[in-house]
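Worksheet: one structure, shown below.
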Amino acid sequence: MKKLLLSLVALAFAATLTAQELPPREEILEVTCRVNDYLMTKKYPDPTAVMPYYSRKKVYESNIWTRAVYYEGLMALHAIHPDNRYYDYAMRWAEFHKWGMRRDDTTTRNADNYCCSQTYIDLYRLTPRPEMLTKTIALCNMLVNTPQVEDWTWIDAIQMGMPVLAKLAAETGDERYIEKGHQMYLWARNTLAGGLYNQKEGLWWRDASFVPPYKEPNGEDCYWSRGNGWVVAALVRVLDELPASHPYRALYIEDLKTMCKALKACQRPDGYWNVSLHDATNYGGKEVTGTSLFIYGMAWGIRQGILDRDEYLPIVAKAWNAMATEAVHEDGFLGYVQGTGKEPKDGQPVTYDSKPDFEDYGTGCFLLAGTEIYKL
């Protein structure tokens with residue numbers, strides 16, 4: 001009996017080690033490409049086509065934020081696996097929209113509407129032509145030349161907007177863009193509703209409607225997984241653009257490290273994160289978008305030497321292995337993706353076979369995770 005128990009313990013330990021190790025690089029690339037190809041070739045072979053919003057029975061332009069997030073992931077994949085199909089697909093999309101924002105509105109202050117400019121700048125870096133950035137520069141100049149800093153009233157907007165300003169600053173050398181993004185970030189972080197960032201907990205409330213006294217059913221504060229994932233992604237994407245000596249790096253790195261420490265504490269035993277980070281009973285279960293964005297941030301932090309490899313690599317490996325083996329269908333369809341919304345109850349149910357209202361942003365999040373895992 002004692003030998004049997006020891007054998008079972010050894011098997012459990014071996015399984016734990018396997019879960020905490022990354023698969024070979026070619027396997028990481030294969031599953032990442034398979035998820036992308038499902039969306040790019042099977043679901044939306046025409047990048048210019050309108051997008052169906054299933055639950056509302058409406059269609060939307062293909063440069064709204066959900067598709068823009070997908071292209072963030074596609075360009076990241078192209079950087080490690082420069083398949084010409086990826087470049088051609090993104091170029092067709094950008095040229096169809098004439099390198100413009102949603103509704104071609106260069107006066108919009110809604111970050112969702114200019115998130116697409118992140119990809120325009122990435123494409124410009126590959127094959128620069130002035131017309132590719134004309135509208136992005138016009139919009140960012142409008143932001144810089146007007147006094148408002150109160151635009152990002154929900155934390156998703158930090159990811160949609162802040163990297164645009166950081167990328168444009170890096171491309172043009174105009175520090176005003178970085179400064180504007182920093183002031184807008186600080187307003188959302190410290191001022192809106194007393195500050196959406198709870199520095200003590202290391203997590204963010206999604207918007208002013210979720211700060212205390214709002215509580216989850218179990219009495220805890222409401223920290224939405226994907227919303228916090230957006231902030232993690234924003235910090236990574238901005239830090240990627242800032243010079244090593246930039247004075248704002250220290251704050252962004254500290255925020256990223258504090259968030260990752262908080263996220264480590266609430267990872268599920270199976271590797272995922274719940275949609276509600278502090279209440280597993282409120283629509284608890286596997287969820288891919290928040291998990292992907294946390295993997296993206298942690299893997300980047302490990303690679304940059306910001307996060308301790310021994311401490312965080314097992315967390316990242318467990319999460320990636322869970323998604324790659326349990327969420328990805330044979331044809332590349334991605335399960336366990338929460339639909340659009342702002343809190344745990346939105347976009348439900350979240351299951352292996354459930355289809356979210358938009359399928360693109362979940363793929364984008366997964367591609368960001370996959371490319372950073374590949375680099376590890």
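We name chains A, B, ... following the order of the structure tokens; residues begin at 1 in each chain, and ligands are numbered from 1 as shown.
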Shell of 7 Å around stretch 137-147 of chain A, only C-alpha atoms, local chain residues under 5 positions omitted, as a list in words:
Thr106, Thr107, Leu165, Arg176, Tyr177 and Lys180 of chain A
Can you tell me which residues surround A:Arg249 at a distance of at most 12 Å, considering only C-alpha atoms, apart from same-chain residues fewer than 2 positions away, and format the answer as an MDAnalysis selection string? chainID A and resid 166 178 182 235:247 251:256 306
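Of the listed residues (A:Leu133, A:Ile28, A:Ala170, A:Leu123), A:Leu123 comes nearest to A:Leu74; the distances count only C-alpha atoms.
All residues within stretch 173-374 of chain A that the backbone DSSP calculation assigns to strand (DSSP E or B) are A:Tyr197, A:Asn198, A:Leu203, A:Trp204, A:Asp207, A:Trp224, A:Ser276, A:Val328, A:Leu334.
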Atoms kept (N, CA and C atoms) for selection, written as a PDB file, in the first residue's frame:
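Generated output (again_8.pdb):
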ATOM      1  N   TYR A 197      -7.388  52.239 -10.309  1.00  0.00           N
ATOM      2  CA  TYR A 197      -6.363  51.276  -9.904  1.00  0.00           C
ATOM      3  C   TYR A 197      -6.303  51.198  -8.390  1.00  0.00           C
ATOM      4  N   ASN A 198      -6.559  50.023  -7.863  1.00  0.00           N
ATOM      5  CA  ASN A 198      -6.428  49.785  -6.430  1.00  0.00           C
ATOM      6  C   ASN A 198      -5.003  49.313  -6.177  1.00  0.00           C
ATOM      7  N   LEU A 203      -4.923  45.551  -8.624  1.00  0.00           N
ATOM      8  CA  LEU A 203      -5.868  45.285  -9.702  1.00  0.00           C
ATOM      9  C   LEU A 203      -6.716  46.514  -9.971  1.00  0.00           C
ATOM     10  N   TRP A 204      -7.411  46.504 -11.104  1.00  0.00           N
ATOM     11  CA  TRP A 204      -8.185  47.655 -11.571  1.00  0.00           C
ATOM     12  C   TRP A 204      -9.677  47.345 -11.586  1.00  0.00           C
ATOM     13  N   ASP A 207     -14.580  50.326 -14.462  1.00  0.00           N
ATOM     14  CA  ASP A 207     -14.951  51.721 -14.654  1.00  0.00           C
ATOM     15  C   ASP A 207     -15.558  52.230 -13.355  1.00  0.00           C
ATOM     16  N   TRP A 224     -12.641  42.502 -13.047  1.00  0.00           N
ATOM     17  CA  TRP A 224     -12.960  41.719 -14.238  1.00  0.00           C
ATOM     18  C   TRP A 224     -11.675  41.277 -14.922  1.00  0.00           C
ATOM     19  N   SER A 276     -14.183  36.578 -13.047  1.00  0.00           N
ATOM     20  CA  SER A 276     -14.137  37.425 -11.855  1.00  0.00           C
ATOM     21  C   SER A 276     -12.923  36.999 -11.044  1.00  0.00           C
ATOM     22  N   VAL A 328      -8.403  24.974 -27.731  1.00  0.00           N
ATOM     23  CA  VAL A 328      -8.253  25.041 -29.187  1.00  0.00           C
ATOM     24  C   VAL A 328      -8.835  23.791 -29.835  1.00  0.00           C
ATOM     25  N   LEU A 334     -11.546  28.657 -31.339  1.00  0.00           N
ATOM     26  CA  LEU A 334     -11.093  28.902 -29.975  1.00  0.00           C
ATOM     27  C   LEU A 334     -12.276  28.910 -29.016  1.00  0.00           C
TER      28      LEU A 334
END
Which of stretch 237-372 of chain A counts as helix (DSSP H, G or I) under DSSP, as a JSON list (two decimals) with N, CA, C and O atoms, in the first residue's frame please?
[["chain", "number", "residue", "atom", "x", "y", "z"],
["A", 237, "ARG", "N", 2.81, 46.94, -24.25],
["A", 237, "ARG", "CA", 2.93, 47.53, -25.59],
["A", 237, "ARG", "C", 3.51, 48.95, -25.53],
["A", 237, "ARG", "O", 4.22, 49.38, -26.45],
["A", 238, "VAL", "N", 3.27, 49.65, -24.45],
["A", 238, "VAL", "CA", 3.88, 50.97, -24.28],
["A", 238, "VAL", "C", 5.35, 50.83, -23.90],
["A", 238, "VAL", "O", 6.21, 51.52, -24.45],
["A", 239, "LEU", "N", 5.65, 49.94, -22.98],
["A", 239, "LEU", "CA", 7.04, 49.74, -22.57],
["A", 239, "LEU", "C", 7.91, 49.31, -23.74],
["A", 239, "LEU", "O", 9.09, 49.67, -23.83],
["A", 249, "ARG", "N", 9.14, 54.90, -17.55],
["A", 249, "ARG", "CA", 9.26, 53.44, -17.53],
["A", 249, "ARG", "C", 9.10, 52.87, -16.12],
["A", 249, "ARG", "O", 8.48, 51.83, -15.92],
["A", 250, "ALA", "N", 9.67, 53.54, -15.15],
["A", 250, "ALA", "CA", 9.67, 53.00, -13.78],
["A", 250, "ALA", "C", 8.25, 52.79, -13.27],
["A", 250, "ALA", "O", 7.95, 51.75, -12.65],
["A", 251, "LEU", "N", 7.36, 53.75, -13.50],
["A", 251, "LEU", "CA", 5.98, 53.62, -13.04],
["A", 251, "LEU", "C", 5.28, 52.48, -13.76],
["A", 251, "LEU", "O", 4.60, 51.66, -13.13],
["A", 252, "TYR", "N", 5.44, 52.40, -15.07],
["A", 252, "TYR", "CA", 4.75, 51.36, -15.83],
["A", 252, "TYR", "C", 5.27, 49.97, -15.45],
["A", 252, "TYR", "O", 4.48, 49.02, -15.34],
["A", 253, "ILE", "N", 6.57, 49.85, -15.24],
["A", 253, "ILE", "CA", 7.13, 48.57, -14.82],
["A", 253, "ILE", "C", 6.62, 48.19, -13.43],
["A", 253, "ILE", "O", 6.26, 47.03, -13.18],
["A", 254, "GLU", "N", 6.56, 49.15, -12.53],
["A", 254, "GLU", "CA", 6.07, 48.87, -11.18],
["A", 254, "GLU", "C", 4.61, 48.44, -11.22],
["A", 254, "GLU", "O", 4.21, 47.49, -10.52],
["A", 255, "ASP", "N", 3.80, 49.11, -12.02],
["A", 255, "ASP", "CA", 2.39, 48.72, -12.14],
["A", 255, "ASP", "C", 2.27, 47.31, -12.72],
["A", 255, "ASP", "O", 1.46, 46.50, -12.25],
["A", 256, "LEU", "N", 3.07, 47.00, -13.73],
["A", 256, "LEU", "CA", 3.02, 45.67, -14.33],
["A", 256, "LEU", "C", 3.43, 44.60, -13.32],
["A", 256, "LEU", "O", 2.77, 43.56, -13.19],
["A", 257, "LYS", "N", 4.50, 44.84, -12.59],
["A", 257, "LYS", "CA", 4.97, 43.87, -11.60],
["A", 257, "LYS", "C", 3.94, 43.66, -10.49],
["A", 257, "LYS", "O", 3.69, 42.53, -10.06],
["A", 258, "THR", "N", 3.34, 44.75, -10.04],
["A", 258, "THR", "CA", 2.34, 44.64, -8.96],
["A", 258, "THR", "C", 1.12, 43.88, -9.44],
["A", 258, "THR", "O", 0.57, 43.03, -8.71],
["A", 259, "MET", "N", 0.69, 44.14, -10.67],
["A", 259, "MET", "CA", -0.45, 43.42, -11.22],
["A", 259, "MET", "C", -0.14, 41.94, -11.37],
["A", 259, "MET", "O", -0.96, 41.08, -11.02],
["A", 260, "CYS", "N", 1.03, 41.62, -11.87],
["A", 260, "CYS", "CA", 1.38, 40.21, -12.08],
["A", 260, "CYS", "C", 1.44, 39.45, -10.75],
["A", 260, "CYS", "O", 1.03, 38.29, -10.66],
["A", 261, "LYS", "N", 1.92, 40.11, -9.72],
["A", 261, "LYS", "CA", 1.94, 39.48, -8.40],
["A", 261, "LYS", "C", 0.52, 39.20, -7.93],
["A", 261, "LYS", "O", 0.23, 38.11, -7.39],
["A", 262, "ALA", "N", -0.39, 40.16, -8.13],
["A", 262, "ALA", "CA", -1.78, 39.96, -7.73],
["A", 262, "ALA", "C", -2.43, 38.86, -8.56],
["A", 262, "ALA", "O", -3.22, 38.05, -8.04],
["A", 263, "LEU", "N", -2.12, 38.82, -9.83],
["A", 263, "LEU", "CA", -2.70, 37.82, -10.72],
["A", 263, "LEU", "C", -2.19, 36.42, -10.40],
["A", 263, "LEU", "O", -2.93, 35.43, -10.49],
["A", 264, "LYS", "N", -0.94, 36.33, -10.04],
["A", 264, "LYS", "CA", -0.38, 35.03, -9.64],
["A", 264, "LYS", "C", -1.20, 34.42, -8.51],
["A", 264, "LYS", "O", -1.45, 33.21, -8.49],
["A", 265, "ALA", "N", -1.63, 35.26, -7.59],
["A", 265, "ALA", "CA", -2.35, 34.77, -6.41],
["A", 265, "ALA", "C", -3.74, 34.26, -6.73],
["A", 265, "ALA", "O", -4.33, 33.52, -5.93],
["A", 288, "VAL", "N", -10.54, 32.32, -21.79],
["A", 288, "VAL", "CA", -9.33, 32.42, -22.59],
["A", 288, "VAL", "C", -8.81, 33.85, -22.76],
["A", 288, "VAL", "O", -7.59, 34.05, -22.77],
["A", 289, "THR", "N", -9.67, 34.85, -22.86],
["A", 289, "THR", "CA", -9.15, 36.18, -23.21],
["A", 289, "THR", "C", -8.32, 36.78, -22.08],
["A", 289, "THR", "O", -7.20, 37.25, -22.29],
["A", 290, "GLY", "N", -8.87, 36.76, -20.87],
["A", 290, "GLY", "CA", -8.09, 37.26, -19.74],
["A", 290, "GLY", "C", -6.83, 36.44, -19.55],
["A", 290, "GLY", "O", -5.73, 36.97, -19.36],
["A", 291, "THR", "N", -6.97, 35.12, -19.63],
["A", 291, "THR", "CA", -5.82, 34.24, -19.46],
["A", 291, "THR", "C", -4.74, 34.54, -20.49],
["A", 291, "THR", "O", -3.55, 34.62, -20.18],
["A", 292, "SER", "N", -5.13, 34.74, -21.75],
["A", 292, "SER", "CA", -4.17, 35.04, -22.81],
["A", 292, "SER", "C", -3.42, 36.33, -22.54],
["A", 292, "SER", "O", -2.19, 36.41, -22.72],
["A", 293, "LEU", "N", -4.14, 37.35, -22.13],
["A", 293, "LEU", "CA", -3.50, 38.64, -21.89],
["A", 293, "LEU", "C", -2.56, 38.59, -20.69],
["A", 293, "LEU", "O", -1.50, 39.25, -20.69],
["A", 294, "PHE", "N", -2.90, 37.81, -19.68],
["A", 294, "PHE", "CA", -2.00, 37.67, -18.54],
["A", 294, "PHE", "C", -0.73, 36.90, -18.95],
["A", 294, "PHE", "O", 0.38, 37.24, -18.53],
["A", 295, "ILE", "N", -0.90, 35.86, -19.77],
["A", 295, "ILE", "CA", 0.26, 35.14, -20.30],
["A", 295, "ILE", "C", 1.16, 36.09, -21.08],
["A", 295, "ILE", "O", 2.38, 36.08, -20.93],
["A", 296, "TYR", "N", 0.54, 36.90, -21.93],
["A", 296, "TYR", "CA", 1.28, 37.86, -22.75],
["A", 296, "TYR", "C", 2.15, 38.76, -21.87],
["A", 296, "TYR", "O", 3.35, 38.93, -22.10],
["A", 297, "GLY", "N", 1.54, 39.32, -20.83],
["A", 297, "GLY", "CA", 2.28, 40.24, -19.97],
["A", 297, "GLY", "C", 3.35, 39.55, -19.15],
["A", 297, "GLY", "O", 4.47, 40.06, -19.02],
["A", 298, "MET", "N", 3.03, 38.39, -18.60],
["A", 298, "MET", "CA", 4.01, 37.69, -17.76],
["A", 298, "MET", "C", 5.17, 37.16, -18.60],
["A", 298, "MET", "O", 6.34, 37.25, -18.18],
["A", 299, "ALA", "N", 4.87, 36.60, -19.76],
["A", 299, "ALA", "CA", 5.94, 36.08, -20.62],
["A", 299, "ALA", "C", 6.86, 37.20, -21.06],
["A", 299, "ALA", "O", 8.10, 37.04, -21.08],
["A", 300, "TRP", "N", 6.28, 38.34, -21.40],
["A", 300, "TRP", "CA", 7.09, 39.50, -21.78],
["A", 300, "TRP", "C", 7.95, 39.95, -20.60],
["A", 300, "TRP", "O", 9.14, 40.24, -20.76],
["A", 301, "GLY", "N", 7.36, 39.99, -19.42],
["A", 301, "GLY", "CA", 8.10, 40.40, -18.23],
["A", 301, "GLY", "C", 9.26, 39.48, -17.92],
["A", 301, "GLY", "O", 10.35, 39.92, -17.52],
["A", 302, "ILE", "N", 9.05, 38.16, -18.08],
["A", 302, "ILE", "CA", 10.13, 37.20, -17.88],
["A", 302, "ILE", "C", 11.25, 37.46, -18.88],
["A", 302, "ILE", "O", 12.43, 37.50, -18.53],
["A", 303, "ARG", "N", 10.87, 37.64, -20.13],
["A", 303, "ARG", "CA", 11.85, 37.80, -21.20],
["A", 303, "ARG", "C", 12.68, 39.08, -21.02],
["A", 303, "ARG", "O", 13.86, 39.12, -21.36],
["A", 309, "ARG", "N", 12.10, 34.58, -13.50],
["A", 309, "ARG", "CA", 11.78, 33.45, -14.37],
["A", 309, "ARG", "C", 11.34, 32.23, -13.57],
["A", 309, "ARG", "O", 10.34, 31.57, -13.91],
["A", 310, "ASP", "N", 12.04, 31.90, -12.52],
["A", 310, "ASP", "CA", 11.71, 30.71, -11.73],
["A", 310, "ASP", "C", 10.33, 30.84, -11.09],
["A", 310, "ASP", "O", 9.63, 29.84, -10.91],
["A", 311, "GLU", "N", 9.95, 32.05, -10.74],
["A", 311, "GLU", "CA", 8.67, 32.26, -10.08],
["A", 311, "GLU", "C", 7.51, 32.26, -11.07],
["A", 311, "GLU", "O", 6.44, 31.71, -10.78],
["A", 312, "TYR", "N", 7.70, 32.88, -12.23],
["A", 312, "TYR", "CA", 6.57, 33.11, -13.14],
["A", 312, "TYR", "C", 6.49, 32.15, -14.31],
["A", 312, "TYR", "O", 5.40, 31.97, -14.87],
["A", 313, "LEU", "N", 7.59, 31.51, -14.69],
["A", 313, "LEU", "CA", 7.51, 30.59, -15.83],
["A", 313, "LEU", "C", 6.55, 29.43, -15.59],
["A", 313, "LEU", "O", 5.77, 29.07, -16.49],
["A", 314, "PRO", "N", 6.52, 28.83, -14.39],
["A", 314, "PRO", "CA", 5.53, 27.76, -14.17],
["A", 314, "PRO", "C", 4.09, 28.24, -14.30],
["A", 314, "PRO", "O", 3.23, 27.49, -14.77],
["A", 315, "ILE", "N", 3.83, 29.48, -13.90],
["A", 315, "ILE", "CA", 2.48, 30.03, -14.02],
["A", 315, "ILE", "C", 2.10, 30.19, -15.48],
["A", 315, "ILE", "O", 1.01, 29.80, -15.92],
["A", 316, "VAL", "N", 3.02, 30.75, -16.25],
["A", 316, "VAL", "CA", 2.79, 30.97, -17.68],
["A", 316, "VAL", "C", 2.66, 29.64, -18.41],
["A", 316, "VAL", "O", 1.76, 29.47, -19.26],
["A", 317, "ALA", "N", 3.52, 28.70, -18.11],
["A", 317, "ALA", "CA", 3.49, 27.41, -18.79],
["A", 317, "ALA", "C", 2.19, 26.66, -18.51],
["A", 317, "ALA", "O", 1.58, 26.09, -19.41],
["A", 318, "LYS", "N", 1.77, 26.66, -17.24],
["A", 318, "LYS", "CA", 0.52, 25.99, -16.90],
["A", 318, "LYS", "C", -0.66, 26.61, -17.65],
["A", 318, "LYS", "O", -1.52, 25.89, -18.18],
["A", 319, "ALA", "N", -0.70, 27.92, -17.72],
["A", 319, "ALA", "CA", -1.80, 28.60, -18.40],
["A", 319, "ALA", "C", -1.77, 28.32, -19.90],
["A", 319, "ALA", "O", -2.82, 28.03, -20.51],
["A", 320, "TRP", "N", -0.59, 28.41, -20.51],
["A", 320, "TRP", "CA", -0.51, 28.17, -21.95],
["A", 320, "TRP", "C", -0.87, 26.72, -22.28],
["A", 320, "TRP", "O", -1.63, 26.46, -23.21],
["A", 321, "ASN", "N", -0.33, 25.78, -21.53],
["A", 321, "ASN", "CA", -0.62, 24.37, -21.81],
["A", 321, "ASN", "C", -2.10, 24.07, -21.67],
["A", 321, "ASN", "O", -2.66, 23.28, -22.45],
["A", 322, "ALA", "N", -2.75, 24.71, -20.69],
["A", 322, "ALA", "CA", -4.19, 24.50, -20.52],
["A", 322, "ALA", "C", -4.96, 25.01, -21.74],
["A", 322, "ALA", "O", -5.83, 24.33, -22.28],
["A", 323, "MET", "N", -4.64, 26.20, -22.18],
["A", 323, "MET", "CA", -5.35, 26.77, -23.34],
["A", 323, "MET", "C", -5.07, 25.96, -24.61],
["A", 323, "MET", "O", -5.98, 25.64, -25.38],
["A", 324, "ALA", "N", -3.80, 25.66, -24.85],
["A", 324, "ALA", "CA", -3.42, 25.01, -26.10],
["A", 324, "ALA", "C", -4.03, 23.62, -26.23],
["A", 324, "ALA", "O", -4.33, 23.16, -27.33],
["A", 325, "THR", "N", -4.22, 22.93, -25.09],
["A", 325, "THR", "CA", -4.72, 21.56, -25.15],
["A", 325, "THR", "C", -6.22, 21.45, -24.90],
["A", 325, "THR", "O", -6.84, 20.47, -25.33],
["A", 326, "GLU", "N", -6.82, 22.44, -24.24],
["A", 326, "GLU", "CA", -8.22, 22.33, -23.85],
["A", 326, "GLU", "C", -9.15, 23.31, -24.56],
["A", 326, "GLU", "O", -10.36, 23.04, -24.66],
["A", 360, "ASP", "N", -13.17, 37.66, -33.18],
["A", 360, "ASP", "CA", -11.84, 38.12, -33.59],
["A", 360, "ASP", "C", -10.93, 38.54, -32.44],
["A", 360, "ASP", "O", -9.75, 38.22, -32.41],
["A", 361, "TYR", "N", -11.45, 39.27, -31.47],
["A", 361, "TYR", "CA", -10.57, 39.79, -30.41],
["A", 361, "TYR", "C", -10.00, 38.66, -29.56],
["A", 361, "TYR", "O", -8.87, 38.75, -29.08],
["A", 362, "GLY", "N", -10.77, 37.58, -29.37],
["A", 362, "GLY", "CA", -10.25, 36.44, -28.63],
["A", 362, "GLY", "C", -9.06, 35.82, -29.34],
["A", 362, "GLY", "O", -8.06, 35.45, -28.71],
["A", 363, "THR", "N", -9.15, 35.74, -30.66],
["A", 363, "THR", "CA", -8.03, 35.24, -31.45],
["A", 363, "THR", "C", -6.83, 36.17, -31.30],
["A", 363, "THR", "O", -5.69, 35.72, -31.13],
["A", 364, "GLY", "N", -7.07, 37.48, -31.35],
["A", 364, "GLY", "CA", -5.97, 38.44, -31.18],
["A", 364, "GLY", "C", -5.26, 38.27, -29.86],
["A", 364, "GLY", "O", -4.03, 38.28, -29.79],
["A", 365, "CYS", "N", -6.02, 38.11, -28.79],
["A", 365, "CYS", "CA", -5.43, 37.91, -27.46],
["A", 365, "CYS", "C", -4.59, 36.63, -27.43],
["A", 365, "CYS", "O", -3.48, 36.61, -26.88],
["A", 366, "PHE", "N", -5.12, 35.55, -28.02],
["A", 366, "PHE", "CA", -4.41, 34.29, -28.05],
["A", 366, "PHE", "C", -3.11, 34.40, -28.85],
["A", 366, "PHE", "O", -2.08, 33.85, -28.45],
["A", 367, "LEU", "N", -3.14, 35.13, -29.96],
["A", 367, "LEU", "CA", -1.94, 35.30, -30.77],
["A", 367, "LEU", "C", -0.87, 36.08, -30.02],
["A", 367, "LEU", "O", 0.33, 35.79, -30.12],
["A", 368, "LEU", "N", -1.28, 37.10, -29.27],
["A", 368, "LEU", "CA", -0.31, 37.83, -28.45],
["A", 368, "LEU", "C", 0.36, 36.90, -27.44],
["A", 368, "LEU", "O", 1.58, 36.95, -27.25],
["A", 369, "ALA", "N", -0.44, 36.05, -26.80],
["A", 369, "ALA", "CA", 0.11, 35.09, -25.85],
["A", 369, "ALA", "C", 1.06, 34.12, -26.54],
["A", 369, "ALA", "O", 2.18, 33.88, -26.07],
["A", 370, "GLY", "N", 0.62, 33.56, -27.66],
["A", 370, "GLY", "CA", 1.41, 32.56, -28.35],
["A", 370, "GLY", "C", 2.75, 33.08, -28.82],
["A", 370, "GLY", "O", 3.78, 32.39, -28.72],
["A", 371, "THR", "N", 2.76, 34.31, -29.32],
["A", 371, "THR", "CA", 4.03, 34.85, -29.83],
["A", 371, "THR", "C", 5.02, 35.12, -28.70],
["A", 371, "THR", "O", 6.22, 34.90, -28.85],
["A", 372, "GLU", "N", 4.53, 35.57, -27.55],
["A", 372, "GLU", "CA", 5.45, 35.80, -26.43],
["A", 372, "GLU", "C", 5.94, 34.49, -25.83],
["A", 372, "GLU", "O", 7.10, 34.37, -25.42]]
Per-residue nearest contacts of stretch 28-74 of chain A to stretch 84-93 of chain A (12 Å; only C-alpha atoms) as JSON lines:
{"residue": "A:Cys33", "atom": "CA", "partner": "A:Tyr86", "partner_atom": "CA", "distance": 10.4}
{"residue": "A:Asn36", "atom": "CA", "partner": "A:Tyr86", "partner_atom": "CA", "distance": 9.5}
{"residue": "A:Asp37", "atom": "CA", "partner": "A:Tyr86", "partner_atom": "CA", "distance": 9.6}
{"residue": "A:Leu39", "atom": "CA", "partner": "A:Tyr89", "partner_atom": "CA", "distance": 11.6}
{"residue": "A:Met40", "atom": "CA", "partner": "A:Tyr89", "partner_atom": "CA", "distance": 8.1}
{"residue": "A:Thr41", "atom": "CA", "partner": "A:Tyr89", "partner_atom": "CA", "distance": 9.9}
{"residue": "A:Tyr44", "atom": "CA", "partner": "A:Tyr89", "partner_atom": "CA", "distance": 10.3}
{"residue": "A:Pro45", "atom": "CA", "partner": "A:Tyr89", "partner_atom": "CA", "distance": 8.7}
{"residue": "A:Asp46", "atom": "CA", "partner": "A:Tyr89", "partner_atom": "CA", "distance": 8.3}
{"residue": "A:Pro47", "atom": "CA", "partner": "A:Trp93", "partner_atom": "CA", "distance": 5.3}
{"residue": "A:Thr48", "atom": "CA", "partner": "A:Trp93", "partner_atom": "CA", "distance": 5.5}
{"residue": "A:Ala49", "atom": "CA", "partner": "A:Trp93", "partner_atom": "CA", "distance": 9.0}
{"residue": "A:Val50", "atom": "CA", "partner": "A:Trp93", "partner_atom": "CA", "distance": 11.1}
{"residue": "A:Glu61", "atom": "CA", "partner": "A:Trp93", "partner_atom": "CA", "distance": 10.8}
{"residue": "A:Ser62", "atom": "CA", "partner": "A:Trp93", "partner_atom": "CA", "distance": 8.0}
{"residue": "A:Asn63", "atom": "CA", "partner": "A:Trp93", "partner_atom": "CA", "distance": 8.0}
{"residue": "A:Ile64", "atom": "CA", "partner": "A:Trp93", "partner_atom": "CA", "distance": 11.7}
{"residue": "A:Arg67", "atom": "CA", "partner": "A:Trp93", "partner_atom": "CA", "distance": 10.0}
{"residue": "A:Ala68", "atom": "CA", "partner": "A:Trp93", "partner_atom": "CA", "distance": 10.2}
{"residue": "A:Tyr70", "atom": "CA", "partner": "A:Ala90", "partner_atom": "CA", "distance": 10.1}
{"residue": "A:Tyr71", "atom": "CA", "partner": "A:Ala90", "partner_atom": "CA", "distance": 7.1}
{"residue": "A:Glu72", "atom": "CA", "partner": "A:Ala90", "partner_atom": "CA", "distance": 10.0}
{"residue": "A:Gly73", "atom": "CA", "partner": "A:Tyr86", "partner_atom": "CA", "distance": 10.6}
{"residue": "A:Leu74", "atom": "CA", "partner": "A:Tyr86", "partner_atom": "CA", "distance": 6.8}
>> Residues near stretch 152-157 of chain A, anyone? I mean within 8 Å using only C-alpha atoms, not counting same-chain ones fewer than 2 positions away, as a PyMOL selection string.
In response: chain A and resi 110-112+149-150+159-162+184-185+188+192+196+204-208+227-228+230-231
Limited to C-alpha atoms, could you put the picked residues into a file as a CSV table (one decimal), in the first residue's frame?
chain,number,residue,atom,x,y,z
A,110,ASN,CA,-13.2,57.2,-28.3
A,111,ALA,CA,-10.1,54.9,-28.1
A,112,ASP,CA,-12.1,52.0,-29.4
A,149,VAL,CA,-7.3,64.0,-20.4
A,150,GLU,CA,-10.6,62.4,-19.3
A,159,GLN,CA,-5.1,49.3,-24.3
A,160,MET,CA,-7.0,50.6,-27.2
A,161,GLY,CA,-5.5,54.1,-27.1
A,162,MET,CA,-2.2,54.4,-25.1
A,184,MET,CA,-4.6,60.2,-19.7
A,185,TYR,CA,-3.3,57.1,-18.0
A,188,ALA,CA,-7.8,56.9,-15.2
A,192,LEU,CA,-11.5,58.9,-12.0
A,196,LEU,CA,-9.6,52.9,-11.0
A,204,TRP,CA,-8.2,47.7,-11.6
A,205,TRP,CA,-11.9,48.3,-11.4
A,206,ARG,CA,-13.3,48.3,-14.9
A,207,ASP,CA,-15.0,51.7,-14.7
A,208,ALA,CA,-16.5,54.1,-12.1
A,227,GLY,CA,-10.4,44.3,-18.2
A,228,ASN,CA,-7.3,43.8,-16.1
A,230,TRP,CA,-6.2,45.0,-21.2
A,231,VAL,CA,-4.2,47.1,-18.8
| query | Neighbours of A:Asp279 within 10 Å (only C-alpha atoms; same-chain residues fewer than 4 positions away dropped), as number ranges by chain? | reply | A: 215-224, 266, 274-275, 283-284, 344
Exercise for the section: Find the spatial neighbours of A:Arg34, counting only C-alpha atoms, within a cut-off of 8 Å - ignore same-chain residues fewer than 4 positions away - and output them as a list of chain:residue names. Expected result: A:Glu30, A:Tyr38, A:Asp331, A:Gly332
Take the selection from the previous step and output its residues with N, CA and C atoms, as a PDB file, in the first residue's frame.
ATOM      1  N   GLU A  30       2.743  26.016 -34.114  1.00  0.00           N
ATOM      2  CA  GLU A  30       1.694  25.310 -34.844  1.00  0.00           C
ATOM      3  C   GLU A  30       0.311  25.651 -34.322  1.00  0.00           C
ATOM      4  N   TYR A  38      -7.804  29.678 -38.679  1.00  0.00           N
ATOM      5  CA  TYR A  38      -9.251  29.482 -38.604  1.00  0.00           C
ATOM      6  C   TYR A  38      -9.970  30.795 -38.865  1.00  0.00           C
ATOM      7  N   ASP A 331      -9.847  22.302 -35.667  1.00  0.00           N
ATOM      8  CA  ASP A 331      -9.850  23.191 -36.843  1.00  0.00           C
ATOM      9  C   ASP A 331      -9.351  24.594 -36.527  1.00  0.00           C
ATOM     10  N   GLY A 332      -8.987  24.864 -35.271  1.00  0.00           N
ATOM     11  CA  GLY A 332      -8.483  26.175 -34.886  1.00  0.00           C
ATOM     12  C   GLY A 332      -9.500  27.065 -34.197  1.00  0.00           C
TER      13      GLY A 332
END
Computed gap from atom CA of A:Lys286 to atom CA of A:Tyr272 is 5.6 Å
